[in-house]
$ cat work12.cif   # mmCIF, C-alpha atoms
data_input
loop_
_atom_site.label_atom_id
_atom_site.label_comp_id
_atom_site.auth_asym_id
_atom_site.auth_seq_id
_atom_site.Cartn_x
_atom_site.Cartn_y
_atom_site.Cartn_z
CA MET A 1 0.00 0.00 0.00
CA LYS A 2 1.30 3.37 -1.00
CA VAL A 3 1.31 5.96 1.76
CA GLU A 4 1.43 9.53 0.59
CA ALA A 5 3.78 11.97 2.21
CA ILE A 6 4.16 15.70 1.84
CA ASP A 7 7.63 16.99 1.21
CA TYR A 8 8.72 20.13 3.08
CA GLY A 9 12.09 20.72 1.57
CA ASP A 10 14.12 17.68 2.61
CA ARG A 11 11.56 16.64 5.27
CA ARG A 12 8.93 14.00 4.45
CA VAL A 13 5.83 14.45 6.58
CA TYR A 14 2.85 12.08 6.90
CA SER A 15 -0.64 12.94 7.98
CA VAL A 16 -1.89 11.05 11.06
CA GLY A 17 -4.31 9.08 8.95
CA ALA A 18 -1.63 8.19 6.45
CA PHE A 19 0.79 7.19 9.20
CA ASN A 20 -1.80 4.99 10.88
CA ARG A 21 -2.72 3.42 7.58
CA GLY A 22 0.92 2.72 6.91
CA VAL A 23 1.51 1.11 10.28
CA ALA A 24 -1.74 -0.81 9.96
CA SER A 25 -0.71 -2.10 6.60
CA TRP A 26 2.67 -3.12 7.92
CA LEU A 27 1.11 -4.85 10.95
CA SER A 28 -1.26 -6.77 8.74
CA ARG A 29 1.67 -8.60 7.22
CA LEU A 30 2.54 -10.17 10.58
CA PRO A 31 1.52 -13.82 10.99
CA THR A 32 -1.50 -15.07 12.95
CA VAL A 33 -0.36 -16.44 16.31
CA TRP A 34 -1.60 -17.86 19.62
CA VAL A 35 -1.21 -15.60 22.65
CA GLU A 36 -1.75 -16.75 26.21
CA GLY A 37 -2.86 -14.54 29.09
CA GLU A 38 -5.49 -13.72 31.71
CA VAL A 39 -8.73 -12.03 30.75
CA THR A 40 -9.36 -8.67 32.45
CA GLU A 41 -11.69 -5.75 31.78
CA LEU A 42 -14.05 -7.73 29.60
CA ARG A 43 -16.41 -5.32 27.84
CA ARG A 44 -19.37 -6.60 25.91
CA GLN A 45 -22.45 -4.74 24.82
CA ALA A 46 -25.27 -5.89 22.60
CA ARG A 47 -24.98 -2.83 20.33
CA TRP A 48 -21.27 -3.27 19.76
CA ALA A 49 -20.04 -5.30 16.85
CA SER A 50 -17.03 -6.49 18.85
CA VAL A 51 -16.25 -7.63 22.33
CA PHE A 52 -13.21 -6.11 24.01
CA PHE A 53 -10.98 -7.28 26.81
CA THR A 54 -7.46 -6.89 28.01
CA LEU A 55 -5.13 -9.82 28.02
CA LYS A 56 -2.70 -9.66 30.90
CA ASP A 57 0.53 -11.54 31.35
CA PRO A 58 0.34 -12.99 34.86
CA ALA A 59 4.15 -13.11 35.06
CA ASP A 60 5.00 -9.45 34.52
CA GLY A 61 1.69 -7.64 34.19
CA ALA A 62 2.19 -6.75 30.52
CA CYS A 63 -1.11 -5.94 28.86
CA LEU A 64 -2.56 -6.34 25.40
CA GLY A 65 -5.92 -5.11 24.16
CA VAL A 66 -8.00 -7.74 22.35
CA SER A 67 -11.10 -7.43 20.23
CA MET A 68 -13.27 -10.17 18.83
CA PRO A 69 -16.41 -10.11 16.68
CA ARG A 70 -19.33 -10.33 19.14
CA GLY A 71 -21.25 -13.04 17.29
CA GLN A 72 -18.21 -15.27 17.23
CA PHE A 73 -17.45 -14.58 20.90
CA ASP A 74 -21.05 -15.37 21.94
CA GLY A 75 -21.04 -18.55 19.85
CA LEU A 76 -18.24 -19.96 21.96
CA ARG A 77 -20.37 -19.61 25.12
CA LEU A 78 -17.23 -19.53 27.22
CA ASP A 79 -18.78 -17.55 30.04
CA LEU A 80 -15.46 -15.82 30.64
CA ALA A 81 -14.75 -13.89 33.78
CA ASP A 82 -11.85 -11.79 34.98
CA GLY A 83 -8.84 -13.89 35.79
CA ASP A 84 -9.66 -16.75 33.42
CA ARG A 85 -6.69 -17.91 31.44
CA VAL A 86 -7.19 -18.11 27.71
CA HIS A 87 -5.40 -18.81 24.47
CA VAL A 88 -6.23 -16.22 21.84
CA TYR A 89 -5.60 -16.94 18.19
CA GLY A 90 -5.29 -13.72 16.27
CA ARG A 91 -3.14 -11.15 14.61
CA PRO A 92 -2.00 -7.67 15.56
CA GLU A 93 -4.13 -4.85 14.31
CA LEU A 94 -4.20 -1.10 14.53
CA PHE A 95 -7.45 0.70 15.19
CA GLU A 96 -6.62 3.45 12.76
CA ALA A 97 -9.11 6.06 13.96
CA ARG A 98 -7.42 6.13 17.40
CA GLY A 99 -3.99 4.78 16.59
CA GLU A 100 -4.57 2.02 19.08
CA PHE A 101 -2.80 -1.25 18.73
CA ARG A 102 -4.51 -4.48 19.69
CA LEU A 103 -4.89 -8.13 18.93
CA ARG A 104 -7.72 -9.08 16.62
CA ALA A 105 -8.94 -12.45 17.89
CA LEU A 106 -10.14 -15.06 15.44
CA SER A 107 -10.53 -17.80 17.97
CA LEU A 108 -10.48 -18.06 21.74
CA GLU A 109 -10.06 -21.02 24.03
CA ARG A 110 -10.16 -21.34 27.73
CA PHE A 111 -6.85 -22.55 29.06
CA GLY A 112 -6.21 -24.21 32.37
CA LEU A 113 -8.85 -25.63 34.67
CA GLY A 114 -9.64 -22.26 36.06
CA GLU A 115 -8.38 -22.39 39.61
CA ARG A 116 -10.67 -19.50 40.33
CA LEU A 117 -13.72 -21.43 39.17
CA LYS A 118 -12.58 -24.50 41.07
CA GLN A 119 -12.21 -22.49 44.27
CA LYS A 120 -15.54 -20.80 43.77
CA LEU A 121 -17.40 -24.09 43.28
CA ALA A 122 -15.53 -25.72 46.15
CA ALA A 123 -16.52 -22.81 48.39
CA GLU A 124 -20.14 -23.44 47.40
CA GLY A 125 -19.70 -27.01 48.59
CA LEU A 126 -20.25 -28.58 45.17
CA PHE A 127 -17.34 -30.97 45.65
CA ALA A 128 -18.04 -31.80 49.29
CA ALA A 129 -17.71 -35.44 50.29
CA GLU A 130 -21.08 -35.42 52.09
CA ARG A 131 -22.79 -34.53 48.81
CA LYS A 132 -21.61 -37.76 47.20
CA ARG A 133 -24.38 -40.25 46.78
CA GLN A 134 -24.04 -43.98 47.04
CA LEU A 135 -24.18 -45.72 43.67
CA PRO A 136 -27.04 -48.21 43.35
CA PHE A 137 -25.92 -51.79 43.87
CA LEU A 138 -27.99 -53.06 40.99
CA PRO A 139 -29.28 -50.26 38.73
CA ARG A 140 -32.47 -51.06 36.85
CA ARG A 141 -31.19 -49.00 33.96
CA ILE A 142 -27.90 -47.23 33.27
CA GLY A 143 -27.68 -43.96 31.36
CA LEU A 144 -24.48 -43.66 29.35
CA ILE A 145 -23.35 -40.34 27.88
CA THR A 146 -20.54 -40.60 25.33
CA GLY A 147 -19.50 -39.40 21.94
CA ASN A 148 -20.93 -41.38 19.04
CA ASP A 149 -18.72 -44.21 17.90
CA ALA A 150 -16.27 -43.49 20.69
CA ALA A 151 -13.89 -46.09 22.05
CA ALA A 152 -15.05 -44.98 25.48
CA LYS A 153 -18.59 -46.09 24.64
CA ARG A 154 -17.39 -49.51 23.50
CA ASP A 155 -15.27 -49.94 26.63
CA VAL A 156 -18.15 -49.13 28.96
CA LEU A 157 -20.66 -51.32 27.12
CA THR A 158 -18.29 -54.28 26.83
CA THR A 159 -17.36 -54.18 30.48
CA ILE A 160 -20.94 -53.76 31.65
CA THR A 161 -22.26 -56.67 29.60
CA SER A 162 -19.40 -58.97 30.50
CA ARG A 163 -19.86 -58.30 34.21
CA PHE A 164 -23.62 -58.19 34.30
CA PRO A 165 -25.19 -59.57 31.10
CA PRO A 166 -28.80 -58.60 31.91
CA ALA A 167 -27.83 -54.91 32.39
CA ASP A 168 -30.02 -52.39 30.57
CA VAL A 169 -27.99 -49.47 29.19
CA LEU A 170 -29.56 -46.42 27.62
CA VAL A 171 -26.94 -44.66 25.48
CA GLY A 172 -27.11 -40.90 24.97
CA GLU A 173 -24.73 -39.93 22.19
CA THR A 174 -23.59 -36.35 22.11
CA TYR A 175 -20.74 -33.99 21.35
CA VAL A 176 -17.87 -34.58 23.74
CA GLN A 177 -15.51 -32.05 22.19
CA GLY A 178 -15.57 -28.48 21.00
CA PRO A 179 -17.54 -25.43 21.97
CA ARG A 180 -20.92 -27.17 21.82
CA ALA A 181 -19.89 -30.13 23.98
CA ALA A 182 -20.68 -28.70 27.43
CA GLY A 183 -24.21 -27.67 26.48
CA ALA A 184 -24.84 -30.92 24.62
CA VAL A 185 -23.67 -33.08 27.53
CA ILE A 186 -25.89 -31.09 29.92
CA GLU A 187 -28.91 -31.62 27.67
CA THR A 188 -28.23 -35.34 27.38
CA LEU A 189 -27.71 -35.58 31.15
CA ARG A 190 -31.11 -33.98 31.77
CA ALA A 191 -32.82 -36.12 29.16
CA LEU A 192 -31.37 -39.38 30.51
CA SER A 193 -32.17 -38.50 34.12
CA ARG A 194 -35.82 -38.18 33.13
CA GLU A 195 -35.95 -41.60 31.47
CA PRO A 196 -37.96 -44.13 33.50
CA GLY A 197 -35.92 -46.71 35.37
CA VAL A 198 -32.55 -44.98 35.00
CA ASP A 199 -30.81 -45.24 38.38
CA VAL A 200 -27.32 -44.03 37.55
CA ILE A 201 -25.61 -42.06 34.79
CA VAL A 202 -22.12 -42.58 33.40
CA VAL A 203 -20.32 -39.79 31.55
CA ALA A 204 -17.50 -41.36 29.58
CA ARG A 205 -14.99 -39.71 27.34
CA GLY A 206 -11.63 -41.09 26.34
CA GLY A 207 -8.34 -39.29 26.53
CA GLY A 208 -7.65 -36.14 24.58
CA SER A 209 -5.67 -32.97 24.60
CA PHE A 210 -6.12 -30.51 27.39
CA GLU A 211 -8.32 -28.37 25.17
CA ASP A 212 -10.40 -31.39 24.15
CA LEU A 213 -11.31 -32.00 27.77
CA LEU A 214 -12.08 -28.38 28.59
CA PRO A 215 -15.88 -28.72 28.14
CA PHE A 216 -15.78 -31.11 31.10
CA SER A 217 -14.55 -28.29 33.30
CA ASP A 218 -17.28 -25.96 32.10
CA GLU A 219 -19.04 -24.38 35.05
CA ARG A 220 -22.51 -25.12 33.66
CA LEU A 221 -21.71 -28.80 33.18
CA VAL A 222 -20.12 -29.08 36.62
CA ARG A 223 -23.23 -27.54 38.16
CA ALA A 224 -25.53 -29.75 36.11
CA ILE A 225 -23.73 -32.87 37.35
CA ALA A 226 -23.93 -31.70 40.96
CA ALA A 227 -27.63 -30.93 40.51
CA CYS A 228 -28.48 -34.18 38.69
CA PRO A 229 -31.16 -36.07 40.65
CA LEU A 230 -29.35 -39.36 39.98
CA PRO A 231 -25.84 -40.40 41.00
CA VAL A 232 -23.31 -39.62 38.27
CA VAL A 233 -20.08 -41.47 37.52
CA THR A 234 -17.53 -39.67 35.36
CA ALA A 235 -14.69 -41.21 33.40
CA VAL A 236 -13.15 -38.38 31.44
CA GLY A 237 -9.67 -38.46 29.95
CA HIS A 238 -6.84 -40.36 31.51
CA GLU A 239 -5.78 -40.94 35.08
CA GLN A 240 -3.77 -37.71 35.32
CA ASP A 241 -6.59 -35.49 34.02
CA THR A 242 -8.93 -34.10 36.60
CA PRO A 243 -11.58 -32.03 34.88
CA LEU A 244 -13.87 -30.24 37.32
CA CYS A 245 -16.82 -32.51 36.47
CA ASP A 246 -14.88 -35.33 38.15
CA LEU A 247 -14.92 -33.38 41.39
CA ALA A 248 -18.67 -32.81 41.25
CA ALA A 249 -19.50 -36.41 40.26
CA ASP A 250 -20.60 -38.92 42.89
CA ALA A 251 -17.87 -41.29 41.78
CA ARG A 252 -14.90 -40.78 39.55
CA ALA A 253 -13.38 -43.54 37.45
CA SER A 254 -9.92 -43.40 35.93
CA THR A 255 -11.08 -45.09 32.72
CA PRO A 256 -14.42 -45.85 31.01
CA SER A 257 -14.14 -49.56 31.86
CA MET A 258 -13.50 -48.67 35.51
CA ALA A 259 -16.72 -46.64 35.42
CA ALA A 260 -18.52 -49.74 34.18
CA ARG A 261 -17.11 -51.72 37.09
CA LEU A 262 -18.48 -49.12 39.47
CA VAL A 263 -22.05 -49.25 38.18
CA VAL A 264 -22.67 -52.99 37.90
CA PRO A 265 -21.61 -55.89 40.13
CA ASP A 266 -19.95 -58.96 38.69
CA LEU A 267 -22.79 -61.42 38.24
CA ALA A 268 -20.66 -64.60 38.34
CA ASP A 269 -18.92 -63.43 41.49
CA LEU A 270 -22.26 -62.44 43.00
CA LEU A 271 -23.81 -65.85 42.33
CA GLN A 272 -20.79 -67.57 43.78
CA ARG A 273 -20.95 -65.50 46.96
CA LEU A 274 -24.66 -66.14 47.22
CA ASP A 275 -24.07 -69.90 46.87
CA ARG A 276 -21.40 -69.82 49.56
CA ALA A 277 -23.67 -67.84 51.85
CA ARG A 278 -26.49 -70.31 51.34
CA ALA A 279 -24.25 -73.30 52.02
CA GLY A 280 -23.02 -71.60 55.17
CA LEU A 281 -26.57 -70.87 56.21
CA GLU A 282 -27.59 -74.48 55.81
CA ARG A 283 -24.50 -75.75 57.60
CA GLY A 284 -25.02 -73.32 60.44
CA THR A 285 -28.66 -74.22 60.91
CA ARG A 286 -27.96 -77.95 60.86
CA ARG A 287 -25.21 -77.44 63.40
CA THR A 288 -27.56 -75.53 65.67
CA VAL A 289 -30.21 -78.23 65.52
CA GLU A 290 -27.58 -80.91 66.21
CA ARG A 291 -26.20 -79.01 69.18
CA GLU A 292 -29.67 -78.52 70.64
CA ARG A 293 -30.46 -82.18 70.11
CA ARG A 294 -27.35 -83.36 71.93
CA GLN A 295 -28.08 -80.98 74.76
CA LEU A 296 -31.67 -82.20 74.97
CA GLU A 297 -30.62 -85.85 75.03
CA ARG A 298 -28.17 -85.21 77.85
CA THR A 299 -30.86 -83.47 79.85
CA HIS A 300 -33.28 -86.27 79.13
CA GLU A 301 -30.83 -88.88 80.41
CA ARG A 302 -30.49 -86.95 83.60
CA LEU A 303 -34.27 -86.70 83.85
CA ASP A 304 -34.60 -90.45 83.40
CA ARG A 305 -32.04 -91.18 86.05
CA ALA A 306 -33.49 -88.69 88.52
CA PRO A 307 -36.54 -90.63 89.94
CA ARG A 308 -34.55 -93.83 90.40
CA LEU A 309 -31.80 -91.90 92.04
CA LEU A 310 -34.37 -90.28 94.26
CA LEU A 311 -35.86 -93.64 95.24
CA GLU A 312 -32.46 -95.12 95.97
CA ARG A 313 -31.59 -92.17 98.06
CA GLY A 314 -34.94 -92.45 99.94
CA ARG A 315 -34.40 -96.11 100.49
CA ALA A 316 -30.90 -95.57 101.81
CA ARG A 317 -32.17 -92.92 104.15
CA LEU A 318 -34.90 -95.28 105.35
CA GLU A 319 -32.39 -98.06 106.00
CA HIS A 320 -30.25 -95.68 107.91
CA ALA A 321 -33.18 -94.56 110.06
CA GLY A 322 -34.22 -98.21 110.57
CA GLY A 323 -30.69 -99.01 111.74
CA ARG A 324 -30.68 -96.20 114.22
CA LEU A 325 -34.18 -97.14 115.36
CA ARG A 326 -33.09 -100.68 115.99
CA ALA A 327 -29.96 -99.53 117.78
CA LEU A 328 -32.03 -97.47 120.17
CA SER A 329 -34.60 -100.23 120.89
CA PRO A 330 -34.45 -101.71 124.48
CA HIS A 331 -34.66 -105.14 122.92
CA ALA A 332 -31.01 -104.84 121.86
CA THR A 333 -30.03 -104.24 125.49
CA LEU A 334 -31.96 -107.33 126.66
CA GLU A 335 -30.12 -109.31 123.99
CA ARG A 336 -26.93 -108.45 125.77
CA GLY A 337 -28.23 -110.21 128.97
CA TYR A 338 -30.03 -107.42 130.74
CA SER A 339 -33.58 -107.80 132.04
CA ILE A 340 -36.38 -105.43 132.95
CA VAL A 341 -38.15 -105.80 136.32
CA ARG A 342 -41.64 -104.37 136.64
CA SER A 343 -43.76 -104.08 139.77
CA GLU A 344 -47.42 -103.48 139.05
CA GLY A 345 -46.50 -102.38 135.51
CA ALA A 346 -43.89 -99.80 136.61
CA ILE A 347 -40.21 -100.36 135.91
CA VAL A 348 -38.22 -101.05 139.12
CA ARG A 349 -35.06 -98.97 139.16
CA SER A 350 -34.15 -99.26 142.91
CA GLY A 351 -34.14 -101.98 145.64
CA THR A 352 -36.06 -99.65 147.88
CA ALA A 353 -38.92 -99.54 145.42
CA VAL A 354 -40.07 -103.07 146.41
CA ALA A 355 -40.81 -104.84 149.68
CA ARG A 356 -40.02 -108.34 150.76
CA GLY A 357 -42.61 -110.85 149.57
CA GLU A 358 -43.81 -108.53 146.79
CA GLU A 359 -44.46 -110.12 143.43
CA VAL A 360 -42.59 -108.68 140.42
CA ASP A 361 -42.50 -109.42 136.67
CA VAL A 362 -39.16 -109.99 134.87
CA GLU A 363 -38.80 -109.42 131.10
CA LEU A 364 -35.90 -111.07 129.23
CA ALA A 365 -34.69 -110.89 125.64
CA GLU A 366 -36.88 -113.84 125.01
CA GLY A 367 -39.89 -114.33 127.21
CA GLY A 368 -39.85 -113.70 130.99
CA PHE A 369 -41.15 -114.97 134.33
CA GLY A 370 -42.87 -113.97 137.57
CA ALA A 371 -40.88 -113.79 140.87
CA ARG A 372 -41.22 -112.91 144.56
CA VAL A 373 -38.84 -110.55 146.40
CA GLU A 374 -36.85 -112.46 149.02
CA GLU A 375 -34.65 -109.68 150.19
CA THR A 376 -34.10 -105.95 149.55
CA ARG A 377 -30.76 -104.15 149.59
CA MET B 1 -52.16 -71.44 79.09
CA THR B 2 -53.23 -72.90 75.74
CA ASP B 3 -50.04 -71.86 73.93
CA GLU B 4 -47.22 -74.32 73.91
CA PRO B 5 -44.02 -72.89 75.34
CA SER B 6 -41.21 -71.96 72.95
CA PHE B 7 -38.36 -74.40 72.47
CA GLU B 8 -36.12 -72.26 74.65
CA ALA B 9 -38.73 -71.93 77.41
CA ALA B 10 -39.46 -75.67 77.37
CA GLN B 11 -35.77 -76.50 77.45
CA LYS B 12 -35.19 -74.11 80.33
CA GLU B 13 -38.08 -75.58 82.35
CA LEU B 14 -36.83 -79.10 81.64
CA GLU B 15 -33.38 -78.23 82.93
CA GLU B 16 -34.79 -76.65 86.04
CA ILE B 17 -36.84 -79.78 86.73
CA VAL B 18 -33.78 -82.01 86.31
CA HIS B 19 -31.80 -79.77 88.60
CA ARG B 20 -34.53 -79.85 91.26
CA LEU B 21 -34.82 -83.63 91.04
CA GLU B 22 -31.06 -84.09 91.24
CA SER B 23 -30.77 -81.85 94.27
CA GLY B 24 -33.14 -84.21 96.10
CA GLU B 25 -35.12 -81.32 97.54
CA ALA B 26 -38.43 -82.39 96.07
CA PRO B 27 -40.79 -84.57 98.17
CA LEU B 28 -41.56 -87.90 96.52
CA ASP B 29 -45.04 -86.94 95.36
CA GLU B 30 -43.75 -83.78 93.80
CA ALA B 31 -40.76 -85.61 92.34
CA LEU B 32 -43.04 -87.97 90.43
CA ARG B 33 -45.12 -85.09 89.18
CA LEU B 34 -41.96 -83.23 88.10
CA TRP B 35 -40.65 -86.26 86.30
CA GLN B 36 -43.86 -86.61 84.33
CA ARG B 37 -43.74 -82.92 83.40
CA GLY B 38 -40.08 -83.32 82.44
CA GLU B 39 -40.88 -86.17 80.07
CA GLU B 40 -43.63 -84.07 78.51
CA LEU B 41 -41.20 -81.19 77.96
CA TYR B 42 -38.60 -83.53 76.50
CA ARG B 43 -41.09 -84.85 73.96
CA LEU B 44 -42.10 -81.33 73.04
CA CYS B 45 -38.48 -80.27 72.48
CA ARG B 46 -37.75 -83.42 70.48
CA ASN B 47 -40.71 -82.76 68.21
CA ARG B 48 -39.56 -79.19 67.66
CA LEU B 49 -36.06 -80.33 66.69
CA ASP B 50 -37.42 -83.04 64.39
CA ALA B 51 -39.67 -80.48 62.73
CA ALA B 52 -36.73 -78.04 62.32
CA GLU B 53 -34.62 -80.73 60.75
CA GLY B 54 -37.41 -81.72 58.39
CA ARG B 55 -37.75 -78.08 57.36
CA ILE B 56 -34.02 -77.81 56.68
CA GLU B 57 -34.11 -80.88 54.46
CA GLU B 58 -37.12 -79.50 52.61
CA LEU B 59 -35.50 -76.09 52.03
CA ALA B 60 -32.16 -77.62 51.06
CA SER B 61 -33.75 -79.88 48.46
CA ARG B 62 -35.86 -77.01 47.14
CA ALA B 63 -32.71 -74.81 46.86
CA GLU B 64 -30.91 -77.65 45.10
CA ALA B 65 -33.77 -77.99 42.62
CA ALA B 66 -33.77 -74.23 41.94
CA LYS B 67 -30.11 -74.21 40.91
CA PRO B 68 -29.64 -73.15 37.29
#
$ encode --input "work12.cif" --output "structure tokens"
Amino acid sequence: MKVEAIDYGDRRVYSVGAFNRGVASWLSRLPTVWVEGEVTELRRQARWASVFFTLKDPADGACLGVSMPRGQFDGLRLDLADGDRVHVYGRPELFEARGEFRLRALSLERFGLGERLKQKLAAEGLFAAERKRQLPFLPRRIGLITGNDAAAKRDVLTTITSRFPPADVLVGETYVQGPRAAGAVIETLRALSREPGVDVIVVARGGGSFEDLLPFSDERLVRAIAACPLPVVTAVGHEQDTPLCDLAADARASTPSMAARLVVPDLADLLQRLDRARAGLERGTRRTVERERRQLERTHERLDRAPRLLLERGRARLEHAGGRLRALSPHATLERGYSIVRSEGAIVRSGTAVARGEEVDVELAEGGFGARVEETR
Amino acid sequence: MTDEPSFEAAQKELEEIVHRLESGEAPLDEALRLWQRGEELYRLCRNRLDAAEGRIEELASRAEAAKP
């Protein structure tokens, strides 16, 4: 582009407009590049054709004005806020009317997980452990959100059906990449959570670049997962990636097949455990009955022995009493050669109790006789 | 009481009777009465155990038949 100058003798002088045009034309030959920085002073108005913000270098505070066509900016639905880190794809440009230099953005991507967003949501309690819901042991139906024809989808489905063949999976295919992904996943999440019988929802997306996974850190999606009436399991990216949706989910799996393991039990293992439990139950009950039976038989034997024992004991006691009775009887004394003398029926214990010529009666061990007192002493 | 005692109650009463008989405290008349009651309780407990065992066999065979 030819820029006209006015010559004043040996001095070439440019008008402001011409100078700006010249610089603008020179700038326009610079290549289109990616620039990274933090968004500040975002200015957007419906009547403006462009959106403006300042890109700030967090390291040294250097600033760069950025403009972007409003329709394009709105189409990205990035919901940017001050402090968000972004990558801007654009080229330098001079706003000729004001001689202002800035970056004309052609594309814009959020960069980094947004520590600010993470802190904000954490402060709201969205990631709190007590919010996490227990996954159903045996879901009637499983909602699966994945990209169409994705390896992640195949991994989840294969693992689910191999572990629990009768599982019922309702697949919601959607965008899992690009500017429309966050909104699309939210819509699918809402749709699946309204389907009858769905008890748990899996969001699965395989590995990808940092930018690929950015929709899964989108604030709206993170909130939608936290607000979902059903428990949500996420398996997004690889082990080392932690998109914010993982923090809001009720369970986080490192891979899609791990997510499948979380939502269905292993049927074969389950049946085996059930069998073992039943065998144990039967064994235990039999053992109890056997123990009670042995105890009862022992008690019964004692019962049977008891009356006989009682009789024997009574008899022994009786014999003992009889023995003592016999030992105390006067008859035993007579046996030893003693005799009892009675006078008129009364036992005579003293010589003075009778008089000479008195008749007395003598009792011996066997029989007795009558006698007359000859002499008293 | 028209209700039969539970297995545990019957077993407990039976053991108390045996204990009383073995201690020799009971007068003969009472001892005979206790013995009779004890035999009754024994029969009751036996029947309960037999019934329980029958039920186990029944359930076990039913479970076996239900196996896939």
$ resolve_selection --input "work12.cif" --expression "the PyMOL selection byres ((chain A) within 8 of (chain B))" --output "list in words"
Glu282, Thr285, Arg286, Val289, Glu292, Arg293, Leu296, Thr299, His300, Arg302, Leu303, Asp304, Ala306, Pro307, Leu309 and Leu310 of chain A
$ resolve_selection --input "work12.cif" --expression "the PyMOL selection byres ((chain A and resi 219-233) around 8)" --output "NGL selection string"
:A and (117 or 126 or 132-135 or 182-183 or 185-186 or 189-190 or 193 or 199-203 or 215-218 or 234-235 or 244-245 or 248-253 or 259)
$ atom_distance --input "work12.cif" --atom1 "atom CA of A:Pro166" --atom2 "atom CA of A:Pro136"
15.6 Å
$ resolve_selection --input "work12.cif" --expression "the PyMOL selection byres ((chain A and resi 31-44) around 6)" --output "list in words"
Leu30, Gln45, Val51, Phe52, Phe53, Thr54, Leu55, Lys56, Asp57, Asp82, Gly83, Asp84, Arg85, Val86, His87, Val88, Tyr89, Gly90 and Arg91 of chain A
$ residues_around --input "work12.cif" --residues "A:Ser25" --least-positions-apart "3" --cutoff "9 Å" --atoms "all atoms listed in the file" --output "ChimeraX atom specification"
/A:1,20-22,28-29,93-94
